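K.L.:
Have a look at the structure that comes next, please.
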Amino acid sequence: MCLALPAEVVSLDAEKETAVVALGPVKKEISVALVDELRIGDYVLVHVGFALHKLSPEEAARTLDLIRDAGEDPHEEFAA
Amino acid sequence: MKYVDEYRDGDLARKLAATIAREANTGRSYHIMEFCGGHTHAIFRYGVQDLMPENVRFVHGPGCPVCVLPIGRIDNAIELAEKHGATVCTYGDMMRVPASERRSLIKAKADGADIRMVYSIRDALKIARETPGREVVFFAIGFETTTPPTAVAILEAERERLENFSVFCNHVLTPAAVAHILSSPEVQDHRTVAIDAFLGPSHVSSVIGSRPYEAAAEHFRRPVVIAGFEPLDVMQATLMVIRQLNEGRHEVENEYVRVVTREGNVKAQALVAEVLEMRETFEWRGLGEVPNSALRIRDRFAAFDAERRFAVTTRKVRDAKSCECPSILRGAKRPTDCKLFGTVCTPENPIGSCMVSSEGACAAYYSYGRFRGSDAGGAGKGVPATTQEAAE
Ligand code: SF4
C-alpha cells in the first residue's frame with residue numbers, strides 16, 4: 001500500500017479539486033486537494049488516489065525506472 | 001556484489017560502497033534503523049546490506065502500517081461488519097492481517113461479511129453515495145501519507161452531508177514512534193538493542209517535512225537522515241549517518257532534497273489539523289502504548305467517526321504465542337529468530353503481521369534474505385555495541 005507512482009496531469013477540475021492523470025496509456029481520476037497550483041503537464045506523485053506532491057519530470061522518470069527495475073510494471077500497477 | 005548491476009548506476013553504487021568501507025571506523029559499530037518498510041524492502045531487494053562492511057548493520061524498524069496495528073483494532077473492524085452490518089472498506093494489505101481466533105478481514109468476507117478492498121478512500125465515499133441507507137465505514141490505517149487523504153474525504157463527506165459514511169481512524173505518527181523507540185530502556189542502556197541512528201522515511205517526510213524529527217535527534221543524540229527510496233539513496237544516506245557519528249554530530253539531515261523540505265506539504269498538514277487531533281495514547285504492536293502517537297477525529301466531525309457512531313471499544317489481545325513480531329518491530333530480534341519463520345509462517349499463511357505486507361521485515365526476509373548465506377541485518381548481535389561514547 002506504500003506504493004506511490006508518478007503521473008502526468010492531463011486535465012484539471014479546479015472546482016472539484018480533481019485531475020485526470022496519465023501514466024503511459026493508463027488514465028485515472030485522482031484528488032488534487034493536497035497540492036496547490038497544479039498545471040496541466042505537471043508531474044505528481046500519486047498515492048491512494050491523491051496527488052501527494054509535485055515532482056520534477058526527471059524525478060518522475062527516475063521513480064518509474066526504479067519500479068521497472070524492481071520487476072514491476074508501473075502501468076499495470078497504476079491500472080490496478 | 002552480485003546485485004550491484006541491477007542498480008540504476010552500478011558504478012556509483014560501487015563507489016559509495018568503497019567510501020563507506022573506508023570511512024566506517026573499524027573500532028566501532030554502526031547500527032542504523034531504517035524506520036520505513038519501503039526502505040526495508042529496498043535494502044533486501046538490492047542486497048544493500050551485502051555492500052556494507054561488517055560493522056555497518058541495518059536494523060529494521062516498525063514503519064510498515066499494517067504491521068503495527070494491534071489485533072484488537074482488526075477485531076473491531078470485523079465487528080463493524082459482522083455485528084453492525086456495515087460495509088467495511090480498507091486498503092488491500094489489511095485484508096490478510098491475522099485477527100483474533102485465526103480470523104482476518106478476508107476470512108470474515110468469505111463468511112459473508114460485506115468487506116471490500118479499495119484502492120482509495122475516495123472509492124469508499126463513492127460506495128457510500130451509491131448505497132444510501134447502508135452504513136459504509138472506511139477502516140483507515142497508515143502513517144502520514146495516508147492521513148491527509150482521510151482528512152480530505154471527511155471534509156468532502158461533511159460538505160455533501162453524506163449520512164451513511166464514517167471512518168474508523170487508526171492513523172499513527174512517525175516521529176512519535178522514533179522517539180518512543182529511542183526512549184525504551186533496551187535502547188537506552190544499549191545492551192539488548194543497539195540503534196545509533198535512523199534513516200527517515202521518504203514519502204512520509206515529504207508530507208511532514210524534516211522538522212518533526214529535530215526534537216528526537218537532539219534529545220536522544222541520534223542522527224536522523226531522511227533517505228529517498230532508491231538503493232543509491234539508502235547508501236548515500238548511510239554514508240551521511242556514518243559521517244555524523246564519526247564527527248559526534250546528531251542532526252537531522254536530508255538526503256532526499258529532490259522531494260523533501262524542512263516544512264513539508266503545509267496544505268496537507270493544515271487539512272489534517274482541521275479534521276484530526278492527537279490521541280493521548282495509542283497501542284502499537286510491538287511498542288505497546290505510545291503517548292501522543294496517533295490521531296482521532298475531532299468533535300466537530302463526530303458524525304463521521306465510526307468509533308463514536310458504533311460505540312467501539314478495543315480489547316487488548318495478545319499476539320500469537322510464538323510470533324516474534326513485537327520484538328522484531330522494536331529492532332530487538334530478527335525474523336530468523338522466530339521458530340515459525342518460513343515453516344509454519346509464510347506469506348501465503350502469515351501468523352503474524354510482519355509476514356503479510358511486502359514491507360514487513362519477515363516477508364522481506366522470506367522473499368529475499370533467507371536465500372543468502374550472509375546475515376541480512378537485524379539487531380546486529382555479536383557486533384559489540386561500542387557506540388555509547390560516540391553518541392555522547
Ligand atoms: S515469522 Fe511469522 S510468526 Fe514469526 S515473527 Fe514473523 S510474522 Fe511472527
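Ligands are numbered from 1 in the order shown, residues from 1 within each chain, and chains are lettered A, B, ... in the order they appear in the C-alpha cells.
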List the spatial neighbours of Leu45 of chain A as JSON, numbers by chain - criterion: any atom at most 9 Å away, only C-alpha atoms, same-chain residues fewer than 5 positions off excluded.
P.N.:
{"A": [4, 5, 6, 7, 8, 50, 51, 52, 53, 54, 55, 60]}
K.L.:
Excluding Tyr30 of chain B and any residue of its chain fewer than 5 positions from it, enumerate the residues within 8 Å of it, using only C-alpha atoms, and give them as a PDB file with N, CA and C atoms, in the first residue's frame.
P.N.:
ATOM      1  N   ASN B  55      30.718  -3.979  10.157  1.00  0.00           N
ATOM      2  CA  ASN B  55      30.295  -3.223  11.339  1.00  0.00           C
ATOM      3  C   ASN B  55      29.193  -2.194  11.033  1.00  0.00           C
ATOM      4  N   VAL B  56      28.659  -2.216   9.822  1.00  0.00           N
ATOM      5  CA  VAL B  56      27.523  -1.343   9.496  1.00  0.00           C
ATOM      6  C   VAL B  56      26.303  -2.233   9.281  1.00  0.00           C
ATOM      7  N   ARG B  57      25.321  -2.118  10.173  1.00  0.00           N
ATOM      8  CA  ARG B  57      24.184  -3.024  10.192  1.00  0.00           C
ATOM      9  C   ARG B  57      22.877  -2.272  10.099  1.00  0.00           C
ATOM     10  N   ILE B 195      20.772   0.966  18.583  1.00  0.00           N
ATOM     11  CA  ILE B 195      20.351   1.834  17.479  1.00  0.00           C
ATOM     12  C   ILE B 195      21.134   3.135  17.601  1.00  0.00           C
ATOM     13  N   ASP B 196      21.996   3.365  16.626  1.00  0.00           N
ATOM     14  CA  ASP B 196      22.843   4.548  16.682  1.00  0.00           C
ATOM     15  C   ASP B 196      22.281   5.710  15.883  1.00  0.00           C
ATOM     16  N   ALA B 197      21.400   5.383  14.934  1.00  0.00           N
ATOM     17  CA  ALA B 197      20.903   6.435  14.050  1.00  0.00           C
ATOM     18  C   ALA B 197      19.679   5.919  13.308  1.00  0.00           C
ATOM     19  N   ILE B 242      27.106   7.761   8.847  1.00  0.00           N
ATOM     20  CA  ILE B 242      28.430   7.365   9.337  1.00  0.00           C
ATOM     21  C   ILE B 242      29.284   8.608   9.613  1.00  0.00           C
ATOM     22  N   THR B 387      29.048   2.094  20.805  1.00  0.00           N
ATOM     23  CA  THR B 387      28.618   3.345  20.213  1.00  0.00           C
ATOM     24  C   THR B 387      28.280   4.401  21.242  1.00  0.00           C
TER      25      THR B 387
END
K.L.:
Enumerate residues in contact with ligand 1: an atom-to-atom distance of at most 10 Å, counting only C-alpha atoms and all ligand atoms. Format the result as a PDB file with N, CA, C and O atoms, in the first residue's frame.
P.N.:
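File written: pocket-v2.pdb
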ATOM      1  N   CYS B  67       1.764  -3.679   9.895  1.00  0.00           N
ATOM      2  CA  CYS B  67       2.479  -4.469  10.901  1.00  0.00           C
ATOM      3  C   CYS B  67       2.265  -3.951  12.313  1.00  0.00           C
ATOM      4  O   CYS B  67       2.366  -4.705  13.281  1.00  0.00           O
ATOM      5  N   VAL B  97      -4.206  -9.597   7.331  1.00  0.00           N
ATOM      6  CA  VAL B  97      -3.540  -9.487   8.634  1.00  0.00           C
ATOM      7  C   VAL B  97      -4.328 -10.301   9.666  1.00  0.00           C
ATOM      8  O   VAL B  97      -5.538 -10.141   9.805  1.00  0.00           O
ATOM      9  N   PRO B  98      -3.633 -11.185  10.374  1.00  0.00           N
ATOM     10  CA  PRO B  98      -4.335 -12.047  11.322  1.00  0.00           C
ATOM     11  C   PRO B  98      -5.022 -11.253  12.445  1.00  0.00           C
ATOM     12  O   PRO B  98      -4.438 -10.354  13.016  1.00  0.00           O
ATOM     13  N   ASP B 319      -0.589 -11.176  21.132  1.00  0.00           N
ATOM     14  CA  ASP B 319      -0.177 -11.679  19.827  1.00  0.00           C
ATOM     15  C   ASP B 319      -0.035 -13.196  19.881  1.00  0.00           C
ATOM     16  O   ASP B 319       0.094 -13.775  20.957  1.00  0.00           O
ATOM     17  N   ALA B 320      -0.048 -13.816  18.708  1.00  0.00           N
ATOM     18  CA  ALA B 320       0.125 -15.265  18.627  1.00  0.00           C
ATOM     19  C   ALA B 320       1.366 -15.656  19.433  1.00  0.00           C
ATOM     20  O   ALA B 320       2.387 -14.977  19.358  1.00  0.00           O
ATOM     21  N   LYS B 321       1.248 -16.755  20.163  1.00  0.00           N
ATOM     22  CA  LYS B 321       2.266 -17.092  21.171  1.00  0.00           C
ATOM     23  C   LYS B 321       3.701 -17.039  20.685  1.00  0.00           C
ATOM     24  O   LYS B 321       4.498 -16.285  21.214  1.00  0.00           O
ATOM     25  N   SER B 322       4.049 -17.795  19.678  1.00  0.00           N
ATOM     26  CA  SER B 322       5.471 -17.845  19.306  1.00  0.00           C
ATOM     27  C   SER B 322       5.873 -16.753  18.331  1.00  0.00           C
ATOM     28  O   SER B 322       7.028 -16.696  17.914  1.00  0.00           O
ATOM     29  N   CYS B 323       4.950 -15.896  17.942  1.00  0.00           N
ATOM     30  CA  CYS B 323       5.269 -14.855  16.956  1.00  0.00           C
ATOM     31  C   CYS B 323       6.168 -13.787  17.577  1.00  0.00           C
ATOM     32  O   CYS B 323       5.873 -13.241  18.630  1.00  0.00           O
ATOM     33  N   GLU B 324       7.266 -13.507  16.914  1.00  0.00           N
ATOM     34  CA  GLU B 324       8.231 -12.546  17.447  1.00  0.00           C
ATOM     35  C   GLU B 324       8.044 -11.137  16.882  1.00  0.00           C
ATOM     36  O   GLU B 324       8.894 -10.270  17.090  1.00  0.00           O
ATOM     37  N   CYS B 325       6.962 -10.919  16.166  1.00  0.00           N
ATOM     38  CA  CYS B 325       6.728  -9.585  15.578  1.00  0.00           C
ATOM     39  C   CYS B 325       6.974  -8.430  16.562  1.00  0.00           C
ATOM     40  O   CYS B 325       7.637  -7.456  16.202  1.00  0.00           O
ATOM     41  N   PRO B 326       6.445  -8.533  17.783  1.00  0.00           N
ATOM     42  CA  PRO B 326       6.664  -7.392  18.688  1.00  0.00           C
ATOM     43  C   PRO B 326       8.146  -7.047  18.866  1.00  0.00           C
ATOM     44  O   PRO B 326       8.521  -5.880  18.791  1.00  0.00           O
ATOM     45  N   SER B 327       8.989  -8.066  19.076  1.00  0.00           N
ATOM     46  CA  SER B 327      10.426  -7.785  19.250  1.00  0.00           C
ATOM     47  C   SER B 327      11.060  -7.328  17.943  1.00  0.00           C
ATOM     48  O   SER B 327      11.962  -6.489  17.940  1.00  0.00           O
ATOM     49  N   ILE B 328      10.594  -7.890  16.828  1.00  0.00           N
ATOM     50  CA  ILE B 328      11.158  -7.511  15.529  1.00  0.00           C
ATOM     51  C   ILE B 328      10.853  -6.041  15.232  1.00  0.00           C
ATOM     52  O   ILE B 328      11.711  -5.294  14.764  1.00  0.00           O
ATOM     53  N   LEU B 329       9.640  -5.616  15.567  1.00  0.00           N
ATOM     54  CA  LEU B 329       9.257  -4.231  15.292  1.00  0.00           C
ATOM     55  C   LEU B 329      10.043  -3.242  16.148  1.00  0.00           C
ATOM     56  O   LEU B 329      10.176  -2.074  15.794  1.00  0.00           O
ATOM     57  N   LYS B 333      14.831  -8.215  17.708  1.00  0.00           N
ATOM     58  CA  LYS B 333      15.072  -9.550  17.150  1.00  0.00           C
ATOM     59  C   LYS B 333      14.987  -9.526  15.642  1.00  0.00           C
ATOM     60  O   LYS B 333      14.471  -8.587  15.051  1.00  0.00           O
ATOM     61  N   ARG B 334      15.489 -10.610  15.047  1.00  0.00           N
ATOM     62  CA  ARG B 334      15.410 -10.768  13.603  1.00  0.00           C
ATOM     63  C   ARG B 334      14.367 -11.818  13.255  1.00  0.00           C
ATOM     64  O   ARG B 334      14.116 -12.723  14.043  1.00  0.00           O
ATOM     65  N   PRO B 335      13.808 -11.736  12.049  1.00  0.00           N
ATOM     66  CA  PRO B 335      12.822 -12.750  11.639  1.00  0.00           C
ATOM     67  C   PRO B 335      13.334 -14.177  11.846  1.00  0.00           C
ATOM     68  O   PRO B 335      12.582 -15.048  12.280  1.00  0.00           O
ATOM     69  N   THR B 336      14.610 -14.406  11.539  1.00  0.00           N
ATOM     70  CA  THR B 336      15.120 -15.781  11.670  1.00  0.00           C
ATOM     71  C   THR B 336      15.218 -16.228  13.126  1.00  0.00           C
ATOM     72  O   THR B 336      15.436 -17.410  13.391  1.00  0.00           O
ATOM     73  N   ASP B 337      15.038 -15.311  14.079  1.00  0.00           N
ATOM     74  CA  ASP B 337      14.991 -15.714  15.483  1.00  0.00           C
ATOM     75  C   ASP B 337      13.651 -16.364  15.821  1.00  0.00           C
ATOM     76  O   ASP B 337      13.484 -16.909  16.914  1.00  0.00           O
ATOM     77  N   CYS B 338      12.692 -16.284  14.909  1.00  0.00           N
ATOM     78  CA  CYS B 338      11.363 -16.816  15.185  1.00  0.00           C
ATOM     79  C   CYS B 338      11.281 -18.278  14.749  1.00  0.00           C
ATOM     80  O   CYS B 338      11.643 -18.612  13.621  1.00  0.00           O
ATOM     81  N   LYS B 339      10.788 -19.110  15.652  1.00  0.00           N
ATOM     82  CA  LYS B 339      10.690 -20.553  15.371  1.00  0.00           C
ATOM     83  C   LYS B 339       9.778 -20.852  14.185  1.00  0.00           C
ATOM     84  O   LYS B 339       9.923 -21.847  13.507  1.00  0.00           O
ATOM     85  N   LEU B 340       8.790 -19.977  13.999  1.00  0.00           N
ATOM     86  CA  LEU B 340       7.780 -20.267  12.980  1.00  0.00           C
ATOM     87  C   LEU B 340       8.180 -19.769  11.597  1.00  0.00           C
ATOM     88  O   LEU B 340       7.554 -20.108  10.602  1.00  0.00           O
ATOM     89  N   PHE B 341       9.242 -18.974  11.545  1.00  0.00           N
ATOM     90  CA  PHE B 341       9.633 -18.309  10.300  1.00  0.00           C
ATOM     91  C   PHE B 341       9.901 -19.314   9.175  1.00  0.00           C
ATOM     92  O   PHE B 341      10.745 -20.212   9.307  1.00  0.00           O
ATOM     93  N   GLY B 342       9.179 -19.143   8.075  1.00  0.00           N
ATOM     94  CA  GLY B 342       9.451 -19.936   6.887  1.00  0.00           C
ATOM     95  C   GLY B 342       8.942 -21.365   6.960  1.00  0.00           C
ATOM     96  O   GLY B 342       8.938 -22.068   5.960  1.00  0.00           O
ATOM     97  N   THR B 343       8.514 -21.797   8.136  1.00  0.00           N
ATOM     98  CA  THR B 343       7.961 -23.150   8.234  1.00  0.00           C
ATOM     99  C   THR B 343       6.448 -23.035   8.407  1.00  0.00           C
ATOM    100  O   THR B 343       5.691 -23.198   7.462  1.00  0.00           O
ATOM    101  N   VAL B 344       6.048 -22.710   9.620  1.00  0.00           N
ATOM    102  CA  VAL B 344       4.611 -22.528   9.870  1.00  0.00           C
ATOM    103  C   VAL B 344       4.131 -21.203   9.280  1.00  0.00           C
ATOM    104  O   VAL B 344       3.034 -21.101   8.738  1.00  0.00           O
ATOM    105  N   CYS B 345       4.978 -20.194   9.374  1.00  0.00           N
ATOM    106  CA  CYS B 345       4.581 -18.848   8.947  1.00  0.00           C
ATOM    107  C   CYS B 345       5.230 -18.489   7.617  1.00  0.00           C
ATOM    108  O   CYS B 345       6.452 -18.442   7.511  1.00  0.00           O
ATOM    109  N   THR B 346       4.426 -18.274   6.621  1.00  0.00           N
ATOM    110  CA  THR B 346       4.901 -17.893   5.287  1.00  0.00           C
ATOM    111  C   THR B 346       3.983 -16.789   4.751  1.00  0.00           C
ATOM    112  O   THR B 346       2.903 -16.583   5.305  1.00  0.00           O
ATOM    113  N   PRO B 347       4.389 -16.096   3.679  1.00  0.00           N
ATOM    114  CA  PRO B 347       3.496 -15.059   3.148  1.00  0.00           C
ATOM    115  C   PRO B 347       2.116 -15.617   2.754  1.00  0.00           C
ATOM    116  O   PRO B 347       1.116 -14.910   2.814  1.00  0.00           O
ATOM    117  N   ASN B 349       0.577 -18.006   4.310  1.00  0.00           N
ATOM    118  CA  ASN B 349      -0.148 -18.323   5.533  1.00  0.00           C
ATOM    119  C   ASN B 349       0.493 -17.581   6.708  1.00  0.00           C
ATOM    120  O   ASN B 349       1.172 -18.168   7.535  1.00  0.00           O
ATOM    121  N   PRO B 350       0.313 -16.252   6.744  1.00  0.00           N
ATOM    122  CA  PRO B 350       1.003 -15.472   7.772  1.00  0.00           C
ATOM    123  C   PRO B 350       0.411 -15.705   9.160  1.00  0.00           C
ATOM    124  O   PRO B 350      -0.802 -15.757   9.313  1.00  0.00           O
ATOM    125  N   ILE B 351       1.288 -15.878  10.136  1.00  0.00           N
ATOM    126  CA  ILE B 351       0.834 -15.997  11.526  1.00  0.00           C
ATOM    127  C   ILE B 351       0.859 -14.610  12.171  1.00  0.00           C
ATOM    128  O   ILE B 351      -0.006 -14.255  12.943  1.00  0.00           O
ATOM    129  N   GLY B 352       1.865 -13.843  11.838  1.00  0.00           N
ATOM    130  CA  GLY B 352       1.972 -12.501  12.406  1.00  0.00           C
ATOM    131  C   GLY B 352       1.920 -11.449  11.306  1.00  0.00           C
ATOM    132  O   GLY B 352       2.066 -11.765  10.120  1.00  0.00           O
ATOM    133  N   SER B 353       1.746 -10.202  11.722  1.00  0.00           N
ATOM    134  CA  SER B 353       1.552  -9.130  10.746  1.00  0.00           C
ATOM    135  C   SER B 353       2.812  -8.850   9.928  1.00  0.00           C
ATOM    136  O   SER B 353       2.732  -8.393   8.796  1.00  0.00           O
ATOM    137  N   CYS B 354       4.008  -9.122  10.493  1.00  0.00           N
ATOM    138  CA  CYS B 354       5.247  -8.803   9.779  1.00  0.00           C
ATOM    139  C   CYS B 354       5.443  -9.664   8.533  1.00  0.00           C
ATOM    140  O   CYS B 354       6.338  -9.407   7.735  1.00  0.00           O
ATOM    141  N   MET B 355       4.647 -10.718   8.393  1.00  0.00           N
ATOM    142  CA  MET B 355       4.776 -11.600   7.240  1.00  0.00           C
ATOM    143  C   MET B 355       3.770 -11.234   6.148  1.00  0.00           C
ATOM    144  O   MET B 355       3.810 -11.779   5.052  1.00  0.00           O
ATOM    145  N   VAL B 356       2.880 -10.275   6.427  1.00  0.00           N
ATOM    146  CA  VAL B 356       1.779 -10.034   5.491  1.00  0.00           C
ATOM    147  C   VAL B 356       2.172  -9.111   4.349  1.00  0.00           C
ATOM    148  O   VAL B 356       2.097  -9.481   3.175  1.00  0.00           O
ATOM    149  N   GLY B 360       6.822  -5.663   5.414  1.00  0.00           N
ATOM    150  CA  GLY B 360       7.109  -6.250   6.718  1.00  0.00           C
ATOM    151  C   GLY B 360       8.463  -6.943   6.699  1.00  0.00           C
ATOM    152  O   GLY B 360       8.878  -7.494   5.678  1.00  0.00           O
ATOM    153  N   ALA B 361       9.156  -6.920   7.831  1.00  0.00           N
ATOM    154  CA  ALA B 361      10.508  -7.483   7.875  1.00  0.00           C
ATOM    155  C   ALA B 361      10.497  -8.978   7.584  1.00  0.00           C
ATOM    156  O   ALA B 361      11.364  -9.486   6.859  1.00  0.00           O
ATOM    157  N   CYS B 362       9.532  -9.721   8.130  1.00  0.00           N
ATOM    158  CA  CYS B 362       9.520 -11.177   7.904  1.00  0.00           C
ATOM    159  C   CYS B 362       9.284 -11.493   6.431  1.00  0.00           C
ATOM    160  O   CYS B 362       9.930 -12.372   5.865  1.00  0.00           O
ATOM    161  N   ALA B 363       8.358 -10.770   5.809  1.00  0.00           N
ATOM    162  CA  ALA B 363       8.074 -11.018   4.392  1.00  0.00           C
ATOM    163  C   ALA B 363       9.291 -10.668   3.541  1.00  0.00           C
ATOM    164  O   ALA B 363       9.632 -11.392   2.602  1.00  0.00           O
ATOM    165  N   TYR B 365      12.445 -10.678   4.482  1.00  0.00           N
ATOM    166  CA  TYR B 365      13.429 -11.726   4.751  1.00  0.00           C
ATOM    167  C   TYR B 365      13.098 -12.983   3.971  1.00  0.00           C
ATOM    168  O   TYR B 365      13.958 -13.632   3.404  1.00  0.00           O
ATOM    169  N   TYR B 366      11.814 -13.325   3.990  1.00  0.00           N
ATOM    170  CA  TYR B 366      11.380 -14.553   3.331  1.00  0.00           C
ATOM    171  C   TYR B 366      11.622 -14.458   1.826  1.00  0.00           C
ATOM    172  O   TYR B 366      12.134 -15.377   1.206  1.00  0.00           O
TER     173      TYR B 366
END
K.L.:
Need the shell around segment 9-16 of chain A: protein/DNA/RNA residues with any atom at most 7 Å away, counting only C-alpha atoms. Skip same-chain ones fewer than 3 positions apart. Format as a JSON list (two decimals) with N, CA and C atoms, in the first residue's frame?
P.N.:
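As written to disk, around.json reads:
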[["chain", "number", "residue", "atom", "x", "y", "z"],
["A", 19, "ALA", "N", -8.16, 15.76, -10.75],
["A", 19, "ALA", "CA", -7.41, 15.81, -12.01],
["A", 19, "ALA", "C", -7.46, 14.44, -12.65],
["A", 20, "VAL", "N", -7.32, 14.43, -13.96],
["A", 20, "VAL", "CA", -7.06, 13.16, -14.63],
["A", 20, "VAL", "C", -5.57, 13.12, -14.87],
["A", 21, "VAL", "N", -4.95, 12.03, -14.43],
["A", 21, "VAL", "CA", -3.51, 11.90, -14.62],
["A", 21, "VAL", "C", -3.24, 10.67, -15.47],
["A", 22, "ALA", "N", -2.11, 10.70, -16.15],
["A", 22, "ALA", "CA", -1.78, 9.60, -17.05],
["A", 22, "ALA", "C", -0.41, 9.04, -16.72],
["A", 40, "ILE", "N", -1.59, 21.70, -16.05],
["A", 40, "ILE", "CA", -1.53, 20.58, -16.99],
["A", 40, "ILE", "C", -0.09, 20.40, -17.44],
["A", 41, "GLY", "N", 0.35, 19.15, -17.46],
["A", 41, "GLY", "CA", 1.74, 18.87, -17.84],
["A", 41, "GLY", "C", 2.65, 18.66, -16.63],
["A", 42, "ASP", "N", 2.18, 19.08, -15.43],
["A", 42, "ASP", "CA", 2.97, 18.83, -14.22],
["A", 42, "ASP", "C", 2.98, 17.33, -13.89],
["A", 43, "TYR", "N", 4.03, 16.91, -13.20],
["A", 43, "TYR", "CA", 4.07, 15.55, -12.67],
["A", 43, "TYR", "C", 3.77, 15.56, -11.19]]
K.L.:
Name the residues of chain A that fall into helix (DSSP H, G or I) according to DSSP on the backbone, using the chain letters and numbers of this document, as a ChimeraX atom specification.
P.N.:
/A:57-69,74-79
K.L.:
Output N, CA, C and O atoms for every residue in that selection, as a compact mmCIF listing (two decimals), in the first residue's frame.
P.N.:
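In the end it all went to out_16.txt:
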# COMPACT_ATOMS: atom_id res chain seq x y z
N PRO A 57 10.04 16.45 -13.77
CA PRO A 57 9.97 15.38 -14.77
C PRO A 57 11.12 14.38 -14.60
O PRO A 57 10.94 13.19 -14.80
N GLU A 58 12.30 14.88 -14.20
CA GLU A 58 13.46 13.98 -14.02
C GLU A 58 13.20 13.00 -12.88
O GLU A 58 13.47 11.81 -12.99
N GLU A 59 12.69 13.55 -11.77
CA GLU A 59 12.42 12.69 -10.62
C GLU A 59 11.34 11.67 -10.97
O GLU A 59 11.39 10.51 -10.55
N ALA A 60 10.35 12.10 -11.75
CA ALA A 60 9.28 11.19 -12.16
C ALA A 60 9.86 10.04 -12.99
O ALA A 60 9.57 8.86 -12.74
N ALA A 61 10.74 10.37 -13.94
CA ALA A 61 11.33 9.33 -14.80
C ALA A 61 12.17 8.37 -13.97
O ALA A 61 12.13 7.15 -14.16
N ARG A 62 12.89 8.93 -13.02
CA ARG A 62 13.75 8.13 -12.18
C ARG A 62 12.96 7.14 -11.33
O ARG A 62 13.32 5.98 -11.17
N THR A 63 11.83 7.63 -10.78
CA THR A 63 11.00 6.77 -9.95
C THR A 63 10.40 5.64 -10.77
O THR A 63 10.32 4.50 -10.32
N LEU A 64 9.99 5.96 -11.99
CA LEU A 64 9.42 4.92 -12.86
C LEU A 64 10.46 3.86 -13.19
O LEU A 64 10.17 2.66 -13.18
N ASP A 65 11.69 4.30 -13.46
CA ASP A 65 12.76 3.34 -13.74
C ASP A 65 12.97 2.41 -12.56
O ASP A 65 13.17 1.21 -12.72
N LEU A 66 12.91 3.00 -11.38
CA LEU A 66 13.13 2.23 -10.17
C LEU A 66 12.08 1.13 -10.05
O LEU A 66 12.38 -0.01 -9.70
N ILE A 67 10.85 1.48 -10.36
CA ILE A 67 9.77 0.49 -10.25
C ILE A 67 9.96 -0.61 -11.30
O ILE A 67 9.79 -1.78 -11.02
N ARG A 68 10.37 -0.20 -12.50
CA ARG A 68 10.64 -1.20 -13.54
C ARG A 68 11.79 -2.10 -13.11
O ARG A 68 11.73 -3.31 -13.28
N ASP A 69 12.83 -1.50 -12.54
CA ASP A 69 13.96 -2.27 -12.04
C ASP A 69 13.52 -3.32 -11.05
O ASP A 69 14.07 -4.40 -10.96
N PRO A 74 4.89 -0.51 -13.97
CA PRO A 74 4.17 0.62 -13.38
C PRO A 74 2.79 0.83 -14.00
O PRO A 74 1.86 1.22 -13.30
N HIS A 75 2.66 0.55 -15.30
CA HIS A 75 1.36 0.77 -15.94
C HIS A 75 0.31 -0.15 -15.35
O HIS A 75 -0.80 0.24 -15.05
N GLU A 76 0.75 -1.39 -15.15
CA GLU A 76 -0.18 -2.36 -14.60
C GLU A 76 -0.55 -2.00 -13.17
O GLU A 76 -1.71 -2.06 -12.78
N GLU A 77 0.47 -1.61 -12.39
CA GLU A 77 0.23 -1.22 -11.00
C GLU A 77 -0.76 -0.06 -10.95
O GLU A 77 -1.63 0.03 -10.10
N PHE A 78 -0.58 0.85 -11.89
CA PHE A 78 -1.39 2.05 -11.90
C PHE A 78 -2.84 1.73 -12.28
O PHE A 78 -3.78 2.35 -11.79
N ALA A 79 -2.98 0.75 -13.17
CA ALA A 79 -4.33 0.39 -13.62
C ALA A 79 -5.08 -0.36 -12.53
O ALA A 79 -6.31 -0.39 -12.52
K.L.:
Dump as JSON lines the rows for residues of chain A within 6 Å of chain B: closest atom pair and distance in Å with one decimal, only C-alpha atoms counted, ordered by chain and rising residue number.
P.N.:
{"residue": "A:Leu34", "atom": "CA", "partner": "B:Ala268", "partner_atom": "CA", "distance": 5.2}
{"residue": "A:Val48", "atom": "CA", "partner": "B:Ser120", "partner_atom": "CA", "distance": 4.7}
{"residue": "A:Gly49", "atom": "CA", "partner": "B:Ser120", "partner_atom": "CA", "distance": 5.2}
K.L.:
Could you pull out the residues in chain A that DSSP calls strand (DSSP E or B) from the backbone, as a ChimeraX atom specification?
P.N.:
/A:5-13,18-23,26-31,43-47,50-55
K.L.:
Can you pull out every residue within 10 Å of Leu245 of chain B, counting only C-alpha atoms, but drop anything in the same chain fewer than 3 positions away, and send it as a PyMOL selection string?
P.N.:
chain B and resi 24-25+30+196-197+221-223+239-242+248-251+387+390-391
